[in-house]
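What follows is a single structure, written as C-alpha cells, with notes after it.
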Amino acid sequence: RTSAVLYILDGAGEDGRNPVHDLEVLIEEVLAHGDGSIVNRPALVAVNKVDLLARSSNTEDSKLRVEEVLQMVRDGVEKGGITDAGGHQPAKVLGISAGMTGEGLGPLTTELRQIMDQIEREKDNLHSTSLT
C-alpha cells in the first residue's frame, strides 16, 4: 500500500517541458488511479536537473533561475493540494541533481525518512489507541 508519494519533475525544461505543467499532469494521473485517494497521501516534490538550470557564468543569475523554478513548482503544489506528512502544509519542494552532481540528494533522503517516520508514529498511535 502506498504510504507516501514522491513526485519527481524535470526542472530544466528540456524538450520544451514545463515542470508546473508536468506536476498538473501527474496530479491528474494520480487522481485517476483507483479512487484517487493517493493524492491525499503525504508527499514530497523533487525538481531534478537543477544543475542544468545553474549553467550560467553568473552565479547570482543561476541561483535566481533555480529559485524561480522552485517557486513556480511550490505554487503548483499549493494549487494542486499536495500536502506534507501532517496534511496541513503544502508538500516541500526540493531541488536535486540526481544524475550529474548529486546535489540535494542528502536532503531528499532525509525528508523522505522524516515522512516515513511520521507515518509510522501515526500508525503506532492509532494502533495503541484502538487497543485501549
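By order in the C-alpha cells, chains are A, B, ...; within a chain, residues start at 1; ligands start at 1, following the order shown.
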Non-local contacts of segment 45-50 of chain A (6 Å; only C-alpha atoms; under 4 positions in same chain excluded) as a PyMOL selection string
chain A and resi 6-12+93-97
Those same residues - N, CA, C and O atoms - I'd like them written as a PDB file, in the first residue's frame.
ATOM      1  N   LEU A   6       6.303  10.470  -3.870  1.00  0.00           N
ATOM      2  CA  LEU A   6       7.408  11.331  -4.274  1.00  0.00           C
ATOM      3  C   LEU A   6       7.187  11.698  -5.734  1.00  0.00           C
ATOM      4  O   LEU A   6       7.202  10.831  -6.606  1.00  0.00           O
ATOM      5  N   TYR A   7       6.935  12.961  -5.974  1.00  0.00           N
ATOM      6  CA  TYR A   7       6.785  13.462  -7.339  1.00  0.00           C
ATOM      7  C   TYR A   7       8.160  13.947  -7.789  1.00  0.00           C
ATOM      8  O   TYR A   7       8.798  14.733  -7.080  1.00  0.00           O
ATOM      9  N   ILE A   8       8.620  13.487  -8.945  1.00  0.00           N
ATOM     10  CA  ILE A   8       9.913  13.928  -9.475  1.00  0.00           C
ATOM     11  C   ILE A   8       9.659  14.617 -10.810  1.00  0.00           C
ATOM     12  O   ILE A   8       9.070  14.028 -11.720  1.00  0.00           O
ATOM     13  N   LEU A   9      10.096  15.863 -10.897  1.00  0.00           N
ATOM     14  CA  LEU A   9       9.851  16.686 -12.081  1.00  0.00           C
ATOM     15  C   LEU A   9      11.159  17.060 -12.756  1.00  0.00           C
ATOM     16  O   LEU A   9      12.182  17.227 -12.092  1.00  0.00           O
ATOM     17  N   ASP A  10      11.118  17.232 -14.061  1.00  0.00           N
ATOM     18  CA  ASP A  10      12.262  17.716 -14.822  1.00  0.00           C
ATOM     19  C   ASP A  10      12.258  19.236 -14.733  1.00  0.00           C
ATOM     20  O   ASP A  10      11.436  19.902 -15.362  1.00  0.00           O
ATOM     21  N   GLY A  11      13.152  19.778 -13.937  1.00  0.00           N
ATOM     22  CA  GLY A  11      13.184  21.219 -13.722  1.00  0.00           C
ATOM     23  C   GLY A  11      13.891  21.993 -14.804  1.00  0.00           C
ATOM     24  O   GLY A  11      13.744  23.210 -14.909  1.00  0.00           O
ATOM     25  N   ALA A  12      14.662  21.307 -15.643  1.00  0.00           N
ATOM     26  CA  ALA A  12      15.460  22.005 -16.648  1.00  0.00           C
ATOM     27  C   ALA A  12      14.642  22.436 -17.853  1.00  0.00           C
ATOM     28  O   ALA A  12      15.095  23.246 -18.653  1.00  0.00           O
ATOM     29  N   VAL A  93       9.217  21.246  -1.554  1.00  0.00           N
ATOM     30  CA  VAL A  93       9.770  21.156  -2.897  1.00  0.00           C
ATOM     31  C   VAL A  93      11.281  21.308  -2.767  1.00  0.00           C
ATOM     32  O   VAL A  93      11.767  22.301  -2.233  1.00  0.00           O
ATOM     33  N   LEU A  94      12.009  20.309  -3.247  1.00  0.00           N
ATOM     34  CA  LEU A  94      13.461  20.314  -3.158  1.00  0.00           C
ATOM     35  C   LEU A  94      14.083  20.246  -4.543  1.00  0.00           C
ATOM     36  O   LEU A  94      13.614  19.505  -5.401  1.00  0.00           O
ATOM     37  N   GLY A  95      15.132  21.004  -4.754  1.00  0.00           N
ATOM     38  CA  GLY A  95      15.887  20.922  -5.988  1.00  0.00           C
ATOM     39  C   GLY A  95      16.960  19.857  -5.866  1.00  0.00           C
ATOM     40  O   GLY A  95      17.653  19.798  -4.851  1.00  0.00           O
ATOM     41  N   ILE A  96      17.083  19.019  -6.891  1.00  0.00           N
ATOM     42  CA  ILE A  96      18.095  17.970  -6.873  1.00  0.00           C
ATOM     43  C   ILE A  96      18.773  17.864  -8.235  1.00  0.00           C
ATOM     44  O   ILE A  96      18.276  18.385  -9.233  1.00  0.00           O
ATOM     45  N   SER A  97      19.903  17.197  -8.239  1.00  0.00           N
ATOM     46  CA  SER A  97      20.581  16.820  -9.476  1.00  0.00           C
ATOM     47  C   SER A  97      20.954  15.351  -9.311  1.00  0.00           C
ATOM     48  O   SER A  97      22.028  15.019  -8.823  1.00  0.00           O
TER      49      SER A  97
END
Secondary structure check, alpha helix (DSSP H) residues of segment 5-132 of chain A, as a PDB file with C-alpha atoms, in the first residue's frame:
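Everything below was put into states.pdb:
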ATOM      1  CA  PRO A  19       7.703  21.408 -14.561  1.00  0.00           C
ATOM      2  CA  VAL A  20       4.455  23.003 -13.383  1.00  0.00           C
ATOM      3  CA  HIS A  21       2.504  21.519 -16.288  1.00  0.00           C
ATOM      4  CA  ASP A  22       4.168  18.146 -15.631  1.00  0.00           C
ATOM      5  CA  LEU A  23       3.064  18.376 -11.974  1.00  0.00           C
ATOM      6  CA  GLU A  24      -0.513  19.129 -13.053  1.00  0.00           C
ATOM      7  CA  VAL A  25      -0.466  16.073 -15.340  1.00  0.00           C
ATOM      8  CA  LEU A  26       0.922  13.883 -12.555  1.00  0.00           C
ATOM      9  CA  ILE A  27      -1.783  15.063 -10.159  1.00  0.00           C
ATOM     10  CA  GLU A  28      -4.459  14.276 -12.761  1.00  0.00           C
ATOM     11  CA  GLU A  29      -2.981  10.805 -13.275  1.00  0.00           C
ATOM     12  CA  VAL A  30      -2.840  10.128  -9.541  1.00  0.00           C
ATOM     13  CA  LEU A  31      -6.449  11.292  -9.157  1.00  0.00           C
ATOM     14  CA  ALA A  32      -7.497   8.941 -11.972  1.00  0.00           C
ATOM     15  CA  VAL A  50      18.755  21.947 -11.161  1.00  0.00           C
ATOM     16  CA  ASP A  51      22.407  21.726 -12.216  1.00  0.00           C
ATOM     17  CA  LEU A  52      21.274  22.422 -15.785  1.00  0.00           C
ATOM     18  CA  LEU A  53      19.369  25.500 -14.630  1.00  0.00           C
ATOM     19  CA  THR A  59      26.336  32.698 -10.008  1.00  0.00           C
ATOM     20  CA  GLU A  60      23.624  35.126  -8.895  1.00  0.00           C
ATOM     21  CA  ASP A  61      21.684  34.624 -12.135  1.00  0.00           C
ATOM     22  CA  SER A  62      21.972  30.855 -11.704  1.00  0.00           C
ATOM     23  CA  LYS A  63      20.682  30.940  -8.126  1.00  0.00           C
ATOM     24  CA  LEU A  64      17.840  33.231  -9.138  1.00  0.00           C
ATOM     25  CA  ARG A  65      16.804  30.923 -12.013  1.00  0.00           C
ATOM     26  CA  VAL A  66      16.804  27.849  -9.762  1.00  0.00           C
ATOM     27  CA  GLU A  67      14.783  29.639  -7.087  1.00  0.00           C
ATOM     28  CA  GLU A  68      12.340  30.947  -9.706  1.00  0.00           C
ATOM     29  CA  VAL A  69      11.614  27.417 -10.960  1.00  0.00           C
ATOM     30  CA  LEU A  70      11.333  26.031  -7.421  1.00  0.00           C
ATOM     31  CA  GLN A  71       8.868  28.799  -6.501  1.00  0.00           C
ATOM     32  CA  MET A  72       6.730  28.105  -9.570  1.00  0.00           C
ATOM     33  CA  VAL A  73       6.575  24.446  -8.551  1.00  0.00           C
ATOM     34  CA  ARG A  74       5.758  25.408  -4.922  1.00  0.00           C
ATOM     35  CA  ASP A  75       2.855  27.468  -6.244  1.00  0.00           C
ATOM     36  CA  GLY A  76       1.715  24.460  -8.303  1.00  0.00           C
ATOM     37  CA  VAL A  77       1.959  22.187  -5.252  1.00  0.00           C
ATOM     38  CA  GLU A  78      -0.209  24.551  -3.227  1.00  0.00           C
ATOM     39  CA  LYS A  79      -2.729  24.944  -6.062  1.00  0.00           C
ATOM     40  CA  GLY A  80      -2.847  21.164  -6.557  1.00  0.00           C
ATOM     41  CA  LEU A 105      20.048  14.004  -2.670  1.00  0.00           C
ATOM     42  CA  GLY A 106      21.075  14.080   1.008  1.00  0.00           C
ATOM     43  CA  PRO A 107      18.267  16.463   1.987  1.00  0.00           C
ATOM     44  CA  LEU A 108      15.809  14.499  -0.192  1.00  0.00           C
ATOM     45  CA  THR A 109      16.698  11.264   1.615  1.00  0.00           C
ATOM     46  CA  THR A 110      16.386  12.996   4.990  1.00  0.00           C
ATOM     47  CA  GLU A 111      12.961  14.430   4.133  1.00  0.00           C
ATOM     48  CA  LEU A 112      11.704  11.057   2.878  1.00  0.00           C
ATOM     49  CA  ARG A 113      12.885   9.375   6.076  1.00  0.00           C
ATOM     50  CA  GLN A 114      11.129  12.026   8.190  1.00  0.00           C
ATOM     51  CA  ILE A 115       7.875  11.498   6.281  1.00  0.00           C
ATOM     52  CA  MET A 116       8.074   7.722   6.702  1.00  0.00           C
ATOM     53  CA  ASP A 117       8.947   8.056  10.404  1.00  0.00           C
ATOM     54  CA  GLN A 118       5.941  10.324  10.951  1.00  0.00           C
ATOM     55  CA  ILE A 119       3.657   7.879   9.129  1.00  0.00           C
ATOM     56  CA  GLU A 120       4.951   5.036  11.314  1.00  0.00           C
ATOM     57  CA  ARG A 121       4.391   7.083  14.506  1.00  0.00           C
ATOM     58  CA  GLU A 122       0.826   7.857  13.409  1.00  0.00           C
ATOM     59  CA  LYS A 123       0.191   4.166  12.699  1.00  0.00           C
ATOM     60  CA  ASP A 124       1.618   3.213  16.105  1.00  0.00           C
ATOM     61  CA  ASN A 125      -0.543   5.832  17.852  1.00  0.00           C
ATOM     62  CA  LEU A 126      -3.624   4.654  16.001  1.00  0.00           C
ATOM     63  CA  HIS A 127      -2.853   1.033  16.854  1.00  0.00           C
ATOM     64  CA  SER A 128      -2.235   1.748  20.555  1.00  0.00           C
ATOM     65  CA  THR A 129      -5.396   3.868  20.770  1.00  0.00           C
ATOM     66  CA  SER A 130      -7.505   1.104  19.243  1.00  0.00           C
ATOM     67  CA  LEU A 131      -6.194  -1.381  21.820  1.00  0.00           C
TER      68      LEU A 131
END
So which bits of segment 5-127 of chain A end up strand (DSSP E) when you DSSP the backbone, as an MDAnalysis selection string?
chainID A and resid 5:10 43:48 92:95
Which one of A:Asp35, A:Arg41, A:Gly104, A:Glu14 sits closest to Thr2 of chain A if you count only C-alpha atoms?
A:Arg41
Ranking A:Arg55, A:Pro90, A:Gly99, A:Asp84 by minimum distance to Ala43 of chain A and counting only C-alpha atoms, which one comes first?
A:Asp84
So how far away is atom CA of Asn40 of chain A from atom CA of His88 of chain A, in Å?
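So the two atoms, atom CA of His88 of chain A and atom CA of Asn40 of chain A, lie 10.8 Å apart.
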